[in-house]
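Shown next, in structure tokens, is the structure this report addresses.
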Amino acid sequence: MENEIFPQGSAWMGGKFIDISDAKIPVLDWGFLRSDATYDVAHVWNGRFFRLDIHIDRFFASTKKLRMPCKFKRQEIKKILAGCVRKANFSNAYVEMIQTRGMSPTFDRDPRKSRPRFIAFAIPFGWILKPEDFEKGLDIAVSNIKRISPNSVDPTVKNYHWLDLISGMYDAYDRGHYTVLLTDEKNNVLEGPGFNVFSLDNSGLTTPNNGVLKGITRMSAIELAAELNINVSSKPLPVEKFKSSLEAFATSTAGGIIPITKINGKKVGNGKPGKITNKIKKLYWEKHVDPEWSESVDDLL
């Protein structure tokens with residue numbers, strides 16, 4: 001009966017592959033009790049990992065910044081992740097690697113005495129916005145709820161500190177919107193739950209540069225824009241400037257380039273995905289078969 005609450009999927013824990021429903025951590029793990037963990041999410045599309053090495057680079061950097069360097073080598077991680085995809089028999093998948101602080105045998109409060117735990121899993125590919133809704137686009141509420149300060153939690157380390165984002169999501173739902181974008185203390189827009197944002201004006205694209213995760217899809221969008229000779233600036237993005245965007249889009253592993261067509265209920269442009277958004281989106285999906293941007297799951301096993 002318990003398996004019915006889980007999606008199809010496969011996980012790797014403790015040196016072996018298991019069904020996703022059997023992937024559990026002890027209640028005393030600091031990842032659960034303290035949100036003391038980092039993770040990264042890659043994806044597989046049509047049997048190919050997209051920019052996997054860059055995701056692993058960020059994962060290694062995150063574990064190092066949290067002072068619990070990952071003990072697994074790059075090729076070991078690749079084989080584990082590919083194994084999760086293969087065991088689940090997926091062509092398209094959301095693939096996550098996690099490292100928690102773990103726990104000490106005596107439940108000591110000194111984090112240095114805990115033993116880090118590595119976990120990986122693959123589940124069906126997930127979308128922030130389903131493909132059939134892309135023409136409709138995202139209706140985003142800009143919330144007055146502030147993102148956790150980067151002086152407190154480094155946003156470049158992918159983390160599970162989501163209570164500010166979850167509070168913002170409820171704020172958006174209460175106001176009748178699809179999702180939320182949080183701001184900083186200077187009223188600049190930052191990021192949403194699992195996505196970065198871009199705004200287009202007559203000078204080109206702008207994406208926030210401080211207080212945000214430097215998303216892999218965000219980085220990809222910047223590179224794709226350069227291929228298309230579209231100027232991109234990484235700098236603070238005031239709320240009012242964002243609201244006056246000619247076009248806007250979100251970037252995430254969970255869906256790629258995602259049009260934003262309403263901000264606080266007001267249409268962005270004509271309320272449809274814009275030309276620049278569509279150009280970058282098209283090139284993004286074309287890169288999924290480019291061997292410089294992707295690699296076959298089979299080649300990693």
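The chains in the structure tokens are called A, B, ... from first to last as shown; in each chain the residues are counted from 1, and the ligands are counted from 1 in the order shown.
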
Open item on the list: So that I can see what lies close to Glu191 of chain A, please list as number ranges by chain the residues with an atom at most 7 Å from it, counting only C-alpha atoms and leaving out residues fewer than 6 positions away in the same chain.
Closed with: A: 181-182, 197, 212

Open item on the list: At a cut-off of 9 Å, using only C-alpha atoms, what residues contact Asn270 of chain A? Leave out same-chain residues fewer than 3 positions from it and give the result as a list of chain:residue names.
Closed with: A:Leu246, A:Thr261, A:Lys267, A:Pro273, A:Gly274

Just write the chosen residues, all heavy atoms, as a PDB file, in the first residue's frame.
```pdb
ATOM      1  N   LEU A 246       9.383  43.534 -21.440  1.00  0.00           N
ATOM      2  CA  LEU A 246       8.796  43.279 -22.761  1.00  0.00           C
ATOM      3  C   LEU A 246       8.507  41.789 -22.929  1.00  0.00           C
ATOM      4  O   LEU A 246       7.536  41.395 -23.570  1.00  0.00           O
ATOM      5  CB  LEU A 246       9.737  43.760 -23.864  1.00  0.00           C
ATOM      6  CG  LEU A 246      10.092  45.254 -23.850  1.00  0.00           C
ATOM      7  CD1 LEU A 246      11.112  45.562 -24.934  1.00  0.00           C
ATOM      8  CD2 LEU A 246       8.830  46.093 -24.033  1.00  0.00           C
ATOM      9  N   THR A 261       4.133  34.983 -18.571  1.00  0.00           N
ATOM     10  CA  THR A 261       3.201  35.804 -19.360  1.00  0.00           C
ATOM     11  C   THR A 261       2.363  36.761 -18.508  1.00  0.00           C
ATOM     12  O   THR A 261       1.707  37.638 -19.053  1.00  0.00           O
ATOM     13  CB  THR A 261       2.268  34.907 -20.177  1.00  0.00           C
ATOM     14  OG1 THR A 261       1.635  33.965 -19.302  1.00  0.00           O
ATOM     15  CG2 THR A 261       3.053  34.145 -21.243  1.00  0.00           C
ATOM     16  N   LYS A 267      -0.520  41.366 -17.815  1.00  0.00           N
ATOM     17  CA  LYS A 267       0.132  40.704 -18.937  1.00  0.00           C
ATOM     18  C   LYS A 267       1.541  41.240 -19.177  1.00  0.00           C
ATOM     19  O   LYS A 267       1.802  42.438 -19.058  1.00  0.00           O
ATOM     20  CB  LYS A 267      -0.683  40.902 -20.225  1.00  0.00           C
ATOM     21  CG  LYS A 267      -1.964  40.097 -20.284  1.00  0.00           C
ATOM     22  CD  LYS A 267      -2.668  40.339 -21.623  1.00  0.00           C
ATOM     23  CE  LYS A 267      -3.963  39.547 -21.712  1.00  0.00           C
ATOM     24  NZ  LYS A 267      -4.645  39.790 -23.025  1.00  0.00           N
ATOM     25  N   PRO A 273       4.048  33.890 -24.963  1.00  0.00           N
ATOM     26  CA  PRO A 273       5.509  33.744 -24.996  1.00  0.00           C
ATOM     27  C   PRO A 273       6.098  34.608 -26.113  1.00  0.00           C
ATOM     28  O   PRO A 273       5.592  34.629 -27.229  1.00  0.00           O
ATOM     29  CB  PRO A 273       5.707  32.251 -25.284  1.00  0.00           C
ATOM     30  CG  PRO A 273       4.455  31.595 -24.768  1.00  0.00           C
ATOM     31  CD  PRO A 273       3.356  32.575 -25.031  1.00  0.00           C
ATOM     32  N   GLY A 274       7.169  35.335 -25.808  1.00  0.00           N
ATOM     33  CA  GLY A 274       7.745  36.266 -26.771  1.00  0.00           C
ATOM     34  C   GLY A 274       8.707  35.609 -27.755  1.00  0.00           C
ATOM     35  O   GLY A 274       9.111  34.450 -27.589  1.00  0.00           O
TER      36      GLY A 274
END
```

Do you have, as JSON lines, the list of residues of segment 170-238 of chain A lying at most 8 Å from segment 280-299 of chain A, each with its nearest atom pair and that distance in Å to one decimal, counting only C-alpha atoms and ordered by chain then number?
```
{"residue": "A:Ser220", "atom": "CA", "partner": "A:Tyr284", "partner_atom": "CA", "distance": 7.7}
{"residue": "A:Ala221", "atom": "CA", "partner": "A:Ile280", "partner_atom": "CA", "distance": 6.8}
{"residue": "A:Leu224", "atom": "CA", "partner": "A:Ile280", "partner_atom": "CA", "distance": 6.3}
{"residue": "A:Ala225", "atom": "CA", "partner": "A:Ile280", "partner_atom": "CA", "distance": 6.5}
{"residue": "A:Leu228", "atom": "CA", "partner": "A:Ile280", "partner_atom": "CA", "distance": 8.0}
```

Go ahead and save the picked residues with N, CA and C atoms, as a PDB file, in the first residue's frame.
```pdb
ATOM      1  N   SER A 220      22.954  28.084 -19.047  1.00  0.00           N
ATOM      2  CA  SER A 220      22.722  27.639 -20.423  1.00  0.00           C
ATOM      3  C   SER A 220      22.003  28.716 -21.225  1.00  0.00           C
ATOM      4  N   ALA A 221      21.007  29.365 -20.613  1.00  0.00           N
ATOM      5  CA  ALA A 221      20.265  30.422 -21.304  1.00  0.00           C
ATOM      6  C   ALA A 221      21.181  31.582 -21.667  1.00  0.00           C
ATOM      7  N   LEU A 224      23.214  30.403 -24.626  1.00  0.00           N
ATOM      8  CA  LEU A 224      22.381  30.322 -25.827  1.00  0.00           C
ATOM      9  C   LEU A 224      22.064  31.712 -26.368  1.00  0.00           C
ATOM     10  N   ALA A 225      21.811  32.648 -25.461  1.00  0.00           N
ATOM     11  CA  ALA A 225      21.555  34.024 -25.892  1.00  0.00           C
ATOM     12  C   ALA A 225      22.768  34.582 -26.628  1.00  0.00           C
ATOM     13  N   LEU A 228      22.855  33.518 -30.072  1.00  0.00           N
ATOM     14  CA  LEU A 228      21.835  34.216 -30.865  1.00  0.00           C
ATOM     15  C   LEU A 228      22.092  35.720 -30.947  1.00  0.00           C
TER      16      LEU A 228
END
```

Show me a table, sorted first by chain and then by increasing residue number, of the residues of segment 156-267 of chain A having an atom at most 8 Å from segment 116-132 of chain A, each with its shortest atom pair and the distance in Å to one decimal, counting only C-alpha atoms and written as a Markdown table.
```
| residue | atom | partner | partner_atom | distance |
| --- | --- | --- | --- | --- |
| A:Ser252 | CA | A:Ile128 | CA | 8.0 |
| A:Ala254 | CA | A:Trp127 | CA | 4.7 |
| A:Gly255 | CA | A:Trp127 | CA | 4.9 |
| A:Ile258 | CA | A:Leu129 | CA | 7.2 |
```

Those same residues - C-alpha atoms - I'd like them written as a PDB file, in the first residue's frame.
```pdb
ATOM      1  CA  SER A 252      14.894  25.471 -14.479  1.00  0.00           C
ATOM      2  CA  ALA A 254      12.264  21.154 -14.495  1.00  0.00           C
ATOM      3  CA  GLY A 255      11.208  22.429 -17.906  1.00  0.00           C
ATOM      4  CA  ILE A 258       9.594  28.677 -19.311  1.00  0.00           C
TER       5      ILE A 258
END
```

Task: Contacts of Trp12 of chain A within 12 Å, only C-alpha atoms, excl. fewer than 5 positions in-chain, as number ranges by chain - done: A: 17-25, 76-77, 79-88, 95-98, 117-122

Export of prior selection with C-alpha atoms as a short mmCIF file (atom, residue, chain, number, x, y, z; two decimals), in the first residue's frame:
```cif
data_model
loop_
_atom_site.label_atom_id
_atom_site.label_comp_id
_atom_site.auth_asym_id
_atom_site.auth_seq_id
_atom_site.Cartn_x
_atom_site.Cartn_y
_atom_site.Cartn_z
CA PHE A 17 20.14 0.13 -6.06
CA ILE A 18 16.70 -0.02 -4.49
CA ASP A 19 13.14 0.91 -5.35
CA ILE A 20 12.35 4.57 -4.73
CA SER A 21 9.78 3.58 -2.09
CA ASP A 22 12.54 1.92 -0.05
CA ALA A 23 14.85 4.96 -0.06
CA LYS A 24 14.76 6.24 3.51
CA ILE A 25 17.10 8.01 5.91
CA GLU A 76 31.44 6.73 -9.77
CA ILE A 77 28.66 9.31 -9.47
CA LYS A 79 27.64 5.39 -13.05
CA ILE A 80 25.34 5.55 -10.02
CA LEU A 81 23.08 8.16 -11.63
CA ALA A 82 22.95 6.28 -14.93
CA GLY A 83 22.23 3.09 -12.99
CA CYS A 84 19.23 4.72 -11.30
CA VAL A 85 17.87 5.76 -14.70
CA ARG A 86 18.44 2.31 -16.18
CA LYS A 87 16.95 0.46 -13.19
CA ALA A 88 13.82 2.60 -13.49
CA VAL A 95 17.89 12.62 -11.51
CA GLU A 96 19.05 13.85 -8.13
CA MET A 97 22.24 13.42 -6.14
CA ILE A 98 22.18 14.31 -2.45
CA ARG A 117 25.52 10.16 3.51
CA PHE A 118 25.34 10.05 -0.31
CA ILE A 119 22.02 9.25 -1.99
CA ALA A 120 20.87 9.30 -5.60
CA PHE A 121 17.54 8.70 -7.30
CA ALA A 122 15.71 8.91 -10.60
#
```

- [ ] Check segment 9-220 of chain A with DSSP on the backbone and list each residue it calls alpha helix (DSSP H), as a ChimeraX atom specification.
- [x] /A:30-33,52-65,74-88,163-174,216-220

Open item on the list: Given only C-alpha atoms as the basis, pick out the residue of A:Ile222, A:Val27, A:Leu66, A:Val44 nearest to Thr156 of chain A.
Closed with: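 Of all the options, A:Leu66 lies closest to Thr156 of chain A.
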
Open item on the list: Can you tell me which residues surround Ala37 of chain A at a distance of at most 7 Å, considering only C-alpha atoms, apart from same-chain residues fewer than 4 positions away, and format the answer as a ChimeraX atom specification?
Closed with: /A:31,99-101,159

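Closest approach to Ser152 of chain A among A:Leu190, A:Phe72, A:Gly211, A:Arg51 is made by A:Gly211 (distances from only C-alpha atoms).
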
Open item on the list: For a quick check of understanding, using only C-alpha atoms, which of A:Gly256, A:Thr217, A:Pro193, A:Lys266 has the smallest distance to Tyr160 of chain A?
Closed with: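 Selected residue with least distance to Tyr160 of chain A: A:Pro193.
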
Need the shell around Thr277 of chain A: protein/DNA/RNA residues with any atom at most 10 Å away, counting only C-alpha atoms. Skip same-chain ones fewer than 5 positions apart. Format as a PDB file with N, CA and C atoms, in the first residue's frame?
```pdb
ATOM      1  N   PHE A 198      14.570  35.784 -16.091  1.00  0.00           N
ATOM      2  CA  PHE A 198      15.160  36.723 -17.038  1.00  0.00           C
ATOM      3  C   PHE A 198      14.087  37.726 -17.444  1.00  0.00           C
ATOM      4  N   SER A 199      14.520  38.967 -17.660  1.00  0.00           N
ATOM      5  CA  SER A 199      13.629  40.038 -18.099  1.00  0.00           C
ATOM      6  C   SER A 199      14.212  40.670 -19.359  1.00  0.00           C
ATOM      7  N   LEU A 200      13.357  40.935 -20.348  1.00  0.00           N
ATOM      8  CA  LEU A 200      13.801  41.571 -21.587  1.00  0.00           C
ATOM      9  C   LEU A 200      13.334  43.011 -21.649  1.00  0.00           C
ATOM     10  N   ALA A 221      21.007  29.365 -20.613  1.00  0.00           N
ATOM     11  CA  ALA A 221      20.265  30.422 -21.304  1.00  0.00           C
ATOM     12  C   ALA A 221      21.181  31.582 -21.667  1.00  0.00           C
ATOM     13  N   ALA A 225      21.811  32.648 -25.461  1.00  0.00           N
ATOM     14  CA  ALA A 225      21.555  34.024 -25.892  1.00  0.00           C
ATOM     15  C   ALA A 225      22.768  34.582 -26.628  1.00  0.00           C
ATOM     16  N   GLU A 247       9.405  40.987 -22.372  1.00  0.00           N
ATOM     17  CA  GLU A 247       9.239  39.538 -22.267  1.00  0.00           C
ATOM     18  C   GLU A 247       9.880  39.121 -20.952  1.00  0.00           C
ATOM     19  N   ALA A 248       9.495  37.953 -20.461  1.00  0.00           N
ATOM     20  CA  ALA A 248      10.136  37.402 -19.270  1.00  0.00           C
ATOM     21  C   ALA A 248      10.047  35.882 -19.350  1.00  0.00           C
ATOM     22  N   PHE A 249      11.040  35.245 -18.784  1.00  0.00           N
ATOM     23  CA  PHE A 249      10.977  33.788 -18.708  1.00  0.00           C
ATOM     24  C   PHE A 249      11.743  33.285 -17.497  1.00  0.00           C
ATOM     25  N   ALA A 250      11.384  32.081 -17.084  1.00  0.00           N
ATOM     26  CA  ALA A 250      12.057  31.388 -15.992  1.00  0.00           C
ATOM     27  C   ALA A 250      12.935  30.302 -16.575  1.00  0.00           C
ATOM     28  N   ILE A 257      13.362  26.432 -20.533  1.00  0.00           N
ATOM     29  CA  ILE A 257      13.030  27.847 -20.723  1.00  0.00           C
ATOM     30  C   ILE A 257      11.508  27.969 -20.640  1.00  0.00           C
ATOM     31  N   ILE A 258      11.018  28.683 -19.632  1.00  0.00           N
ATOM     32  CA  ILE A 258       9.594  28.677 -19.311  1.00  0.00           C
ATOM     33  C   ILE A 258       9.049  30.106 -19.402  1.00  0.00           C
ATOM     34  N   PRO A 259       8.160  30.384 -20.332  1.00  0.00           N
ATOM     35  CA  PRO A 259       7.663  31.756 -20.491  1.00  0.00           C
ATOM     36  C   PRO A 259       6.877  32.239 -19.281  1.00  0.00           C
ATOM     37  N   ILE A 260       7.106  33.493 -18.934  1.00  0.00           N
ATOM     38  CA  ILE A 260       6.314  34.182 -17.912  1.00  0.00           C
ATOM     39  C   ILE A 260       5.425  35.167 -18.657  1.00  0.00           C
ATOM     40  N   LYS A 282      13.817  27.061 -28.188  1.00  0.00           N
ATOM     41  CA  LYS A 282      14.028  26.147 -29.314  1.00  0.00           C
ATOM     42  C   LYS A 282      15.472  25.661 -29.336  1.00  0.00           C
TER      43      LYS A 282
END
```

TODO: Can you work out which one of A:Lys158, A:Lys78, A:Arg58, A:Arg48 has the shortest atom-to-atom distance to Leu213 of chain A, counting only C-alpha atoms?
DONE: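 Distance minimum relative to Leu213 of chain A lands on A:Lys158.
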
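Atom CA of Ser114 of chain A sits 9.5 Å away from atom CA of Met68 of chain A.
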
Task: Atomic separation - atom CA of Met103 of chain A relative to atom CA of Arg115 of chain A, Å - done: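 Distance between the two atoms: 5.6 Å.
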
TODO: Take atom CA of Asp201 of chain A and atom CA of Pro150 of chain A and report the distance between them in Å, one decimal.
DONE: 27.1 Å

Open item on the list: Using only C-alpha atoms for the distances, tell me which of A:Lys279, A:Arg175, A:Lys243, A:Lys186 is nearest to Ala226 of chain A.
Closed with: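 The closest residue to Ala226 of chain A is A:Lys279.
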
Task: Those of segment 93-245 of chain A in DSSP strand (DSSP E or B), formatted as a ChimeraX atom specification - done: /A:93-103,115-124,138-146,179-183,188-189,192,195-201,204-207,232-234,238
